[in-house]
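Structure file structure.txt (compact mmCIF, C-alpha atoms) follows.
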```txt
# COMPACT_ATOMS: atom_id res chain seq x y z
CA MET A 260 -4.04 40.97 -17.14
CA LYS A 261 -6.70 38.45 -16.39
CA LYS A 262 -4.98 35.99 -18.63
CA THR A 263 -1.66 36.49 -16.86
CA ILE A 264 -3.21 35.95 -13.45
CA PHE A 265 -4.93 32.86 -14.68
CA LEU A 266 -1.75 31.49 -16.13
CA PHE A 267 0.18 32.25 -12.98
CA ALA A 268 -2.41 30.61 -10.79
CA ALA A 269 -2.53 27.56 -13.01
CA VAL A 270 1.24 27.22 -13.00
CA THR A 271 1.29 27.52 -9.21
CA VAL A 272 -1.32 24.79 -8.90
CA LEU A 273 0.64 22.66 -11.30
CA LEU A 274 3.89 23.08 -9.44
CA SER A 275 2.46 22.67 -5.98
CA ALA A 276 0.87 19.45 -7.07
CA CYS A 277 4.05 17.79 -8.14
CA THR A 278 7.19 19.21 -6.62
CA THR A 279 8.79 19.82 -3.26
CA THR A 280 10.23 23.06 -2.03
CA ASP A 281 13.69 21.62 -1.84
CA PRO A 282 14.02 19.23 -4.73
CA ILE A 283 16.07 16.12 -4.13
CA ALA A 284 16.42 13.40 -6.73
CA LYS A 285 15.12 9.97 -5.77
CA SER A 286 18.56 8.46 -6.36
CA VAL A 287 19.86 10.73 -3.59
CA ALA A 288 16.89 10.60 -1.22
CA TYR A 289 16.65 6.81 -1.44
CA LYS A 290 20.29 6.06 -2.14
CA GLY A 291 20.28 2.68 -0.39
CA MET A 292 17.47 1.45 -2.63
CA TYR A 293 19.39 2.29 -5.79
CA ASN A 294 22.65 0.85 -4.46
CA GLU A 295 21.31 -2.41 -3.07
CA LYS A 296 18.62 -3.04 -5.70
CA PRO A 297 16.30 -4.84 -3.27
CA LEU A 298 13.58 -7.09 -4.64
CA THR A 299 11.77 -8.67 -1.70
CA ILE A 300 10.05 -6.88 1.16
CA LEU A 301 8.52 -8.16 4.37
CA LEU A 302 5.57 -6.24 5.81
CA MET A 303 5.81 -6.10 9.57
CA PRO A 304 2.44 -5.92 11.36
CA PRO A 305 1.74 -2.21 11.85
CA ILE A 306 2.51 -0.70 15.25
CA ASN A 307 -0.59 1.02 16.52
CA LYS A 308 -0.07 3.94 18.87
CA SER A 309 -3.40 5.53 18.06
CA THR A 310 -6.55 5.29 20.15
CA ASN A 311 -8.37 3.34 17.44
CA VAL A 312 -7.69 -0.37 17.97
CA GLU A 313 -8.81 -1.27 14.47
CA ALA A 314 -6.36 1.01 12.72
CA LYS A 315 -3.77 -1.76 12.70
CA GLU A 316 -5.85 -4.02 10.44
CA TYR A 317 -6.90 -1.15 8.19
CA PHE A 318 -3.26 -0.54 7.40
CA HIS A 319 -2.11 -4.15 7.39
CA SER A 320 -4.57 -5.18 4.70
CA THR A 321 -3.78 -2.27 2.38
CA LEU A 322 0.02 -2.15 2.42
CA ASN A 323 0.92 -4.78 -0.14
CA ILE A 324 -0.92 -3.47 -3.21
CA PRO A 325 0.97 -0.17 -3.67
CA ILE A 326 4.30 -1.85 -2.95
CA ALA A 327 3.69 -4.77 -5.32
CA ASN A 328 2.39 -2.37 -7.94
CA ALA A 329 5.64 -0.41 -7.60
CA GLY A 330 7.44 -3.55 -8.77
CA PHE A 331 8.58 -5.30 -5.59
CA TYR A 332 8.05 -8.85 -4.40
CA VAL A 333 5.97 -8.58 -1.25
CA ILE A 334 6.46 -11.64 0.97
CA PRO A 335 3.02 -13.34 1.21
CA THR A 336 1.13 -11.38 3.85
CA PHE A 337 -0.87 -14.05 5.65
CA LEU A 338 1.79 -16.71 5.45
CA SER A 339 4.42 -14.37 6.87
CA MET A 340 2.03 -13.21 9.57
CA GLU A 341 1.53 -16.81 10.65
CA MET A 342 5.29 -17.33 10.78
CA LEU A 343 5.83 -14.16 12.80
CA LYS A 344 3.17 -15.30 15.27
CA ARG A 345 4.77 -18.72 15.63
CA GLU A 346 8.17 -17.18 16.23
CA SER A 347 6.68 -14.73 18.76
CA ALA A 348 7.72 -11.89 16.53
CA TYR A 349 4.28 -10.47 15.89
CA ASP A 350 4.95 -7.34 17.92
CA ALA A 351 6.97 -5.34 15.42
CA GLU A 352 7.91 -2.73 18.01
CA LEU A 353 10.37 -5.23 19.49
CA PHE A 354 12.45 -5.06 16.33
CA LEU A 355 12.28 -1.38 15.59
CA ASN A 356 15.59 -0.66 17.26
CA SER A 357 17.39 -3.94 16.82
CA PRO A 358 19.16 -5.65 13.92
CA ILE A 359 16.76 -7.31 11.50
CA THR A 360 19.26 -9.42 9.59
CA LYS A 361 17.33 -12.50 10.77
CA PHE A 362 14.31 -11.50 8.67
CA GLY A 363 16.54 -11.68 5.65
CA GLU A 364 17.51 -15.26 6.53
CA VAL A 365 14.07 -16.57 7.48
CA PHE A 366 11.92 -14.82 4.87
CA GLY A 367 14.45 -14.09 2.16
CA ALA A 368 13.51 -10.45 2.62
CA ASP A 369 15.84 -7.73 1.37
CA LEU A 370 13.75 -5.08 3.10
CA ALA A 371 11.43 -4.88 6.08
CA LEU A 372 8.68 -2.29 6.35
CA PHE A 373 7.61 -0.92 9.70
CA THR A 374 4.42 1.12 9.85
CA ILE A 375 3.69 3.21 12.91
CA ILE A 376 0.22 4.66 13.29
CA HIS A 377 0.63 7.66 15.57
CA LYS A 378 -2.85 9.09 15.33
CA TRP A 379 -6.26 8.08 14.01
CA ASP A 380 -9.03 10.48 14.97
CA LYS A 381 -12.40 10.90 13.38
CA SER A 382 -14.85 13.73 13.37
CA GLY A 383 -18.36 12.50 12.74
CA ILE A 384 -20.13 15.53 11.39
CA ALA A 385 -17.42 16.71 9.07
CA ALA A 386 -16.84 13.11 7.97
CA LYS A 387 -13.14 13.57 8.27
CA VAL A 388 -10.45 11.26 9.54
CA TYR A 389 -7.15 12.65 10.78
CA VAL A 390 -4.25 10.27 10.52
CA GLU A 391 -0.61 10.54 11.41
CA VAL A 392 1.41 7.65 10.13
CA GLU A 393 5.09 6.89 9.76
CA TYR A 394 6.69 4.37 7.44
CA ILE A 395 10.24 3.08 7.80
CA ILE A 396 11.87 0.62 5.43
CA PHE A 397 15.07 -1.03 6.64
CA SER A 398 17.58 -2.98 4.62
CA THR A 399 18.09 -6.41 6.18
CA LYS A 400 21.63 -6.39 4.83
CA THR A 401 22.84 -3.15 6.40
CA ASN A 402 20.10 -2.51 8.99
CA GLU A 403 20.03 1.03 7.61
CA ILE A 404 16.89 2.98 6.82
CA VAL A 405 16.50 3.13 3.04
CA TYR A 406 13.09 4.80 2.84
CA THR A 407 11.08 6.72 5.38
CA ARG A 408 8.13 9.09 5.20
CA ARG A 409 5.80 10.49 7.77
CA GLY A 410 2.44 11.89 6.85
CA ASP A 411 -0.18 14.07 8.40
CA VAL A 412 -3.27 13.12 6.45
CA ILE A 413 -6.77 14.47 6.42
CA TYR A 414 -9.11 12.03 4.75
CA ASP A 415 -12.32 13.58 3.58
CA ALA A 416 -15.07 10.98 3.52
CA SER A 417 -17.87 13.37 2.68
CA VAL A 418 -20.13 12.42 -0.20
CA SER A 419 -22.43 14.77 -1.98
CA THR A 420 -26.02 13.77 -2.71
CA GLY A 421 -26.08 16.43 -5.38
CA ALA A 422 -29.19 18.00 -3.86
CA GLY A 423 -28.93 21.70 -3.03
CA GLY A 424 -30.21 23.90 -0.20
CA ILE A 425 -30.63 23.10 3.47
CA ALA A 426 -32.33 19.78 2.77
CA GLY A 427 -29.46 18.81 0.55
CA LEU A 428 -26.96 19.76 3.20
CA VAL A 429 -28.70 17.65 5.82
CA ALA A 430 -28.89 14.74 3.42
CA ASP A 431 -25.21 15.18 2.59
CA ILE A 432 -24.22 15.02 6.26
CA ALA A 433 -26.37 11.95 6.87
CA LEU A 434 -24.98 10.17 3.84
CA SER A 435 -21.43 11.04 4.80
CA ALA A 436 -21.94 9.64 8.29
CA ILE A 437 -23.16 6.31 6.92
CA ASN A 438 -20.42 6.28 4.38
CA THR A 439 -17.85 6.84 7.11
CA ALA A 440 -19.24 4.18 9.37
CA VAL A 441 -19.19 1.26 6.96
CA THR A 442 -16.17 0.44 4.84
CA LYS A 443 -14.49 3.77 4.38
CA TYR A 444 -11.88 3.28 7.07
CA VAL A 445 -10.14 0.64 5.01
CA ASP A 446 -10.03 3.24 2.29
CA VAL A 447 -8.46 5.82 4.61
CA ALA A 448 -5.51 3.51 5.17
CA ARG A 449 -5.42 2.58 1.50
CA ALA A 450 -5.18 6.24 0.49
CA CYS A 451 -2.42 6.95 3.07
CA ASN A 452 -0.41 3.96 1.81
CA ALA A 453 -0.98 4.82 -1.84
CA TYR A 454 0.18 8.40 -1.26
CA THR A 455 3.28 7.39 0.68
CA PHE A 456 4.44 4.65 -1.64
CA LYS A 457 3.83 6.61 -4.82
CA ASP A 458 7.34 7.87 -4.11
CA LEU A 459 8.95 4.41 -3.89
CA PRO A 460 11.70 3.87 -6.44
CA ALA A 461 10.44 1.45 -9.09
CA GLY A 462 11.16 -2.19 -8.26
CA LYS A 463 12.46 -4.94 -10.49
CA TYR A 464 9.05 -5.85 -11.93
CA SER A 465 8.28 -2.30 -12.99
CA PRO A 466 8.99 -1.15 -16.54
CA ARG A 467 10.52 1.95 -14.94
CA TYR A 468 13.07 -0.04 -12.91
CA MET A 469 16.32 1.93 -12.49
CA MET A 470 14.99 4.65 -14.76
CA ASP A 471 13.44 6.91 -12.14
CA GLY A 472 16.54 7.98 -10.19
CA SER A 473 16.51 11.52 -11.54
CA GLU A 474 12.87 12.08 -10.61
CA ILE A 475 12.24 14.50 -7.78
CA SER A 476 11.46 12.75 -4.52
CA GLY A 477 8.43 13.61 -2.42
CA LYS A 478 8.65 15.28 0.97
CA LYS A 479 9.89 13.13 3.81
CA ILE A 480 7.36 14.73 6.10
CA PHE A 481 4.18 15.52 4.26
CA ARG A 482 0.71 16.85 4.74
CA ALA A 483 -2.04 15.72 2.43
CA THR A 484 -5.78 15.85 2.06
CA LEU A 485 -7.03 12.67 0.47
CA ASN A 486 -10.33 11.07 -0.41
CA LYS A 487 -11.63 7.89 -1.95
CA ASN A 488 -10.74 9.04 -5.44
CA TYR A 489 -7.05 9.19 -4.62
CA ARG A 490 -5.25 6.41 -6.44
CA MET B 49 -6.19 31.71 -26.62
CA ARG B 50 -7.16 31.19 -23.03
CA LYS B 51 -8.66 27.88 -23.97
CA ILE B 52 -5.41 26.77 -25.52
CA ILE B 53 -3.43 27.74 -22.43
CA PHE B 54 -5.92 25.98 -20.26
CA LEU B 55 -5.94 22.84 -22.33
CA SER B 56 -2.19 22.65 -22.55
CA LEU B 57 -1.89 23.12 -18.80
CA VAL B 58 -4.46 20.45 -18.14
CA PHE B 59 -2.54 18.17 -20.46
CA LEU B 60 0.75 18.96 -18.72
CA PHE B 61 -0.83 18.41 -15.36
CA PHE B 62 -2.04 14.98 -16.26
CA ALA B 63 1.11 14.07 -18.12
CA SER B 64 3.23 14.87 -15.10
CA CYS B 65 1.09 13.45 -12.36
CA THR B 66 -1.02 10.55 -13.48
CA THR B 67 -0.24 6.95 -12.82
CA GLN B 68 0.26 4.43 -15.52
CA LYS B 69 -1.83 1.33 -15.74
CA PRO B 70 -1.02 -0.74 -12.63
CA LEU B 71 1.15 -3.83 -12.89
CA TYR B 72 -1.58 -6.08 -11.50
CA ASN B 73 -5.31 -6.37 -10.88
CA TRP B 74 -6.39 -7.08 -7.33
CA ASP B 75 -10.17 -7.48 -7.50
CA LYS B 76 -11.63 -6.85 -4.00
CA TYR B 77 -8.41 -7.76 -2.24
CA GLU B 78 -8.33 -4.89 0.27
CA ILE B 79 -11.75 -5.31 1.79
CA THR B 80 -11.81 -9.12 1.73
CA SER B 81 -8.34 -9.40 3.24
CA TYR B 82 -9.33 -6.86 5.88
CA ASN B 83 -12.42 -8.87 6.79
CA TYR B 84 -10.37 -12.05 7.07
CA LEU B 85 -7.70 -10.33 9.12
CA LYS B 86 -10.33 -8.91 11.44
CA ASN B 87 -12.83 -11.74 11.74
CA ASN B 88 -10.83 -14.82 10.84
CA ASP B 89 -14.00 -16.88 10.42
CA GLU B 90 -15.27 -19.23 7.73
CA LYS B 91 -17.29 -16.61 5.88
CA SER B 92 -14.43 -14.16 5.57
CA ALA B 93 -12.03 -16.96 4.60
CA GLN B 94 -14.42 -18.08 1.87
CA GLU B 95 -14.74 -14.54 0.52
CA LEU B 96 -10.99 -14.10 0.45
CA ILE B 97 -10.62 -17.42 -1.37
CA VAL B 98 -13.05 -16.19 -4.02
CA THR B 99 -10.99 -12.99 -4.35
CA TYR B 100 -7.80 -15.02 -4.80
CA GLN B 101 -9.46 -17.16 -7.46
CA LYS B 102 -10.63 -14.08 -9.33
CA ILE B 103 -7.18 -12.48 -9.14
CA ILE B 104 -5.63 -15.68 -10.49
CA GLU B 105 -8.19 -15.97 -13.29
CA LYS B 106 -8.11 -12.41 -14.48
CA GLN B 107 -4.96 -10.35 -14.92
CA ASN B 108 -4.96 -7.54 -17.41
CA GLY B 109 -2.45 -5.26 -15.72
CA THR B 110 0.77 -4.45 -17.54
CA ARG B 111 2.53 -7.63 -16.36
CA LYS B 112 -0.36 -9.99 -17.04
CA VAL B 113 0.81 -12.35 -14.32
CA VAL B 114 -0.55 -13.16 -10.88
CA PRO B 115 0.73 -10.62 -8.28
CA PRO B 116 3.35 -11.54 -5.66
CA GLY B 117 2.09 -13.59 -2.73
CA ILE B 118 -1.32 -14.45 -4.16
CA TYR B 119 -0.68 -18.12 -4.96
CA ALA B 120 1.10 -18.54 -1.63
CA ASP B 121 -1.57 -16.91 0.54
CA TYR B 122 -4.30 -18.73 -1.40
CA GLY B 123 -2.40 -21.93 -0.69
CA PHE B 124 -2.19 -20.99 2.97
CA LEU B 125 -5.97 -20.60 3.18
CA LEU B 126 -6.45 -23.95 1.47
CA LEU B 127 -4.09 -25.55 3.98
CA GLN B 128 -6.09 -24.00 6.80
CA ALA B 129 -9.18 -25.63 5.30
CA ASN B 130 -7.37 -29.00 5.33
CA LYS B 131 -7.02 -29.05 1.55
CA THR B 132 -3.40 -30.08 1.92
CA GLU B 133 -2.56 -31.20 -1.62
CA GLU B 134 -4.21 -28.21 -3.30
CA GLY B 135 -2.58 -25.88 -0.84
CA LYS B 136 0.86 -27.35 -1.41
CA ALA B 137 0.41 -27.09 -5.16
CA MET B 138 -0.31 -23.37 -4.80
CA LEU B 139 2.81 -22.84 -2.68
CA LEU B 140 4.86 -24.53 -5.41
CA LYS B 141 3.24 -22.30 -8.02
CA GLU B 142 4.39 -19.27 -6.06
CA ILE B 143 7.97 -20.53 -6.17
CA SER B 144 7.88 -21.20 -9.91
CA LEU B 145 6.42 -17.76 -10.66
CA TYR B 146 8.57 -15.93 -8.11
CA PRO B 147 11.81 -17.85 -7.41
CA GLU B 148 12.77 -15.26 -4.80
CA SER B 149 10.03 -16.73 -2.57
CA LYS B 150 11.82 -20.09 -2.35
CA ILE B 151 13.73 -19.42 0.89
CA PHE B 152 10.52 -18.70 2.77
CA ILE B 153 8.14 -21.15 1.08
CA ASP B 154 10.60 -24.05 1.39
CA ARG B 155 10.72 -23.34 5.09
CA ILE B 156 6.93 -23.56 5.27
CA LEU B 157 6.88 -26.82 3.29
CA LYS B 158 9.48 -28.27 5.63
CA MET B 159 7.47 -27.23 8.68
CA MET B 160 4.45 -29.06 7.22
CA GLU B 161 6.35 -32.31 6.94
CA LYS B 162 7.06 -32.37 10.63
```

Can you dump the structure from the file as structure tokens?
Amino acid sequence: MKKTIFLFAAVTVLLSACTTTDPIAKSVAYKGMYNEKPLTILLMPPINKSTNVEAKEYFHSTLNIPIANAGFYVIPTFLSMEMLKRESAYDAELFLNSPITKFGEVFGADLALFTIIHKWDKSGIAAKVYVEVEYIIFSTKTNEIVYTRRGDVIYDASVSTGAGGIAGLVADIALSAINTAVTKYVDVARACNAYTFKDLPAGKYSPRYMMDGSEISGKKIFRATLNKNYR
Amino acid sequence: MRKIIFLSLVFLFFASCTTQKPLYNWDKYEITSYNYLKNNDEKSAQELIVTYQKIIEKQNGTRKVVPPGIYADYGFLLLQANKTEEGKAMLLKEISLYPESKIFIDRILKMMEK
């Protein structure tokens, strides 16, 4: 009996970790990506609707790694930012509902990524950050959305000192607070981006290019609890 | 028996969910690029330059080549520091490694001539 329960629980954990309730193959969920075979992607400066002014930079500096690692050519971040500023196109919100064909011409971008930070709240004592973030990738050829996900993320920045008892608990809270205050916010954005783009179809530079279409896609709207160990 | 079940499940779990070795190495790219983005001062620029140099020197990801955009953004920082020739050379390296960057980089080179 015990064994059966254990097995059942383990299988549940296994399944909940990897699948969605309503499985859709990546080739269906991200059809445009498989049809158009895009290579280059322009990162638009994130649109920050949260109350934390710095959230924009946290996201901006951590977007290109997961996308490049998925096999895409990410248009050079700082160089493209400079160009967008010069062309008075730094406010990405202006382009969210208009054709973006021009970005294809100017940057040679097949895709353009818009990131919208809806919420960024922190709770000091629990060392948690609550983030709501939406990602939309448009094709510059069709102006259609080819990839979009929206996440409700709890980032747990708590660190354990390893000491037990009340003293240990106090030490843990203090350490977590320091940990939160310094560099961890960059990591919050990094973890959100890594989680979201784990589902990207493999790009041309990936050994899995065009071989992942039958994989099950992740949820379009997801909830996740992440921490610094999430890669 | 239980141990076997457990071990096989653990194996399955990792087999189905883990990531492969990444395509590229990025050194301290995230934090140094954040600092530059945020502060845009000499210190943060210098730290980002060091990161770029390390990324260019050491690549043992699966592709073993410099990641997209690194030569170009490194070149951009050199241009900002008035190291025009070095900067230009880096932009050209980006094009030779990633020909798909030509449309954009050529535009930048043309803008510089003006």

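Considering the residues B:Thr99, B:Ser144, B:Asn130, B:Gln107 and counting only C-alpha atoms, B:Tyr84 has its shortest atom-to-atom contact with B:Thr99.
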
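Atom pair atom CA of B:Pro147 / atom CA of B:Asp75: separated by 24.3 Å.
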
| said: List as a ChimeraX atom specification the protein and nucleic acid residues near A:Arg482, meaning an atom at most 7 Å away when all atoms listed in the file are counted, but skip any in the same chain fewer than 4 places from it. | reply: /A:410-412

Keeping C-alpha atoms, export the residues of the selection given above as a compact mmCIF listing (two decimals), in the frame of the given file.
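After the write, part.txt holds the following:
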```txt
# COMPACT_ATOMS: atom_id res chain seq x y z
CA GLY A 410 2.44 11.89 6.85
CA ASP A 411 -0.18 14.07 8.40
CA VAL A 412 -3.27 13.12 6.45
```

Residues of chain A no more than 6 Å from chain B, counting all atoms listed in the file: send them over as a PDB file with C-alpha atoms, keeping the file's coordinate frame.
```
ATOM      1  CA  SER A 320      -4.570  -5.180   4.700  1.00  0.00           C
ATOM      2  CA  THR A 321      -3.780  -2.270   2.380  1.00  0.00           C
ATOM      3  CA  ASN A 328       2.390  -2.370  -7.940  1.00  0.00           C
ATOM      4  CA  TYR A 332       8.050  -8.850  -4.400  1.00  0.00           C
ATOM      5  CA  VAL A 333       5.970  -8.580  -1.250  1.00  0.00           C
ATOM      6  CA  PRO A 335       3.020 -13.340   1.210  1.00  0.00           C
ATOM      7  CA  PHE A 337      -0.870 -14.050   5.650  1.00  0.00           C
ATOM      8  CA  LEU A 338       1.790 -16.710   5.450  1.00  0.00           C
ATOM      9  CA  PHE A 366      11.920 -14.820   4.870  1.00  0.00           C
ATOM     10  CA  GLY A 367      14.450 -14.090   2.160  1.00  0.00           C
TER      11      GLY A 367
END
```

| said: I'd like to know which of A:Thr336, A:Tyr317, A:Asn402, A:Ser309 is closest to A:Phe354, using only C-alpha atoms. | reply: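 Ranked by minimum distance to A:Phe354, first place goes to A:Asn402.
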
Enclose all atoms of stretch 96-113 of chain B listed in the file in an axis-aligned box, grow every side by 4 Å, and hand back centre and edge lengths in Å to one decimal, as lines of an AutoDock Vina configuration file.
```
center_x = -5.3
center_y = -10.9
center_z = -8.5
size_x = 23.6
size_y = 21.0
size_z = 26.0
```

| said: Ranking B:Asn88, B:Val113, B:Leu157, B:Ile97 by minimum distance to B:Glu133 and counting only C-alpha atoms, which one comes first? | reply: B:Leu157

| query | So, counting all atoms listed in the file, which residue among A:Ser357, A:Asn452, A:Ser465, A:Ser417 is closest to A:Tyr394? | reply | A:Asn452

| field | Interatomic distance (Å, one decimal) between atom CA of A:Val405 and atom CA of A:Glu313 | value | 28.1 Å

| remark: Judged by all atoms listed in the file, the minimum distance to A:Lys478 among A:Leu459, A:Ala416, A:Ile376, A:Leu302 is found for A:Leu459

Can you tell me, as a compact mmCIF listing (two decimals) with C-alpha atoms, in the coordinates of the input, what residues are no more than 9 Å from A:Ile375 when counting only C-alpha atoms, ignoring any on the same chain fewer than 4 positions away?
```txt
# COMPACT_ATOMS: atom_id res chain seq x y z
CA PRO A 305 1.74 -2.21 11.85
CA ILE A 306 2.51 -0.70 15.25
CA ASN A 307 -0.59 1.02 16.52
CA LYS A 308 -0.07 3.94 18.87
CA LYS A 315 -3.77 -1.76 12.70
CA GLU A 352 7.91 -2.73 18.01
CA GLU A 391 -0.61 10.54 11.41
CA VAL A 392 1.41 7.65 10.13
CA GLU A 393 5.09 6.89 9.76
CA TYR A 394 6.69 4.37 7.44
CA ILE A 395 10.24 3.08 7.80
```

| request: Go through A:Leu322, A:Lys457, A:Val390, A:Gly330 and flag the residue nearest A:Gly477, using all atoms listed in the file for the distances. | output: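 For A:Gly477, the nearest of the candidates is A:Lys457.
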
| query | How many Å lie between atom CA of A:Phe318 and atom CA of B:Ile143, rounded to one decimal? | reply |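 These two atoms are separated by 26.6 Å.
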
| Contacts of B:Leu126 at 10 Å (only C-alpha atoms; same-chain gap of 6+ positions) as a ChimeraX atom specification | /B:93-94,97,120,132-136,138

Restricted to C-alpha atoms, what would the selected residues look like written as a compact mmCIF listing (two decimals), in the coordinates of the input?
```txt
# COMPACT_ATOMS: atom_id res chain seq x y z
CA ALA B 93 -12.03 -16.96 4.60
CA GLN B 94 -14.42 -18.08 1.87
CA ILE B 97 -10.62 -17.42 -1.37
CA ALA B 120 1.10 -18.54 -1.63
CA THR B 132 -3.40 -30.08 1.92
CA GLU B 133 -2.56 -31.20 -1.62
CA GLU B 134 -4.21 -28.21 -3.30
CA GLY B 135 -2.58 -25.88 -0.84
CA LYS B 136 0.86 -27.35 -1.41
CA MET B 138 -0.31 -23.37 -4.80
```

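Taking all atoms listed in the file into account, the polymer residues that have an atom no farther than 10 Å from (17.4, -6.5, 6.3) are Pro297, Ile300, Leu301, Pro358, Ile359, Thr360, Lys361, Phe362, Gly363, Glu364, Gly367, Ala368, Asp369, Leu370, Ala371, Leu372, Ile396, Phe397, Ser398, Thr399, Lys400, Thr401, Asn402, Glu403 and Ile404 of chain A.
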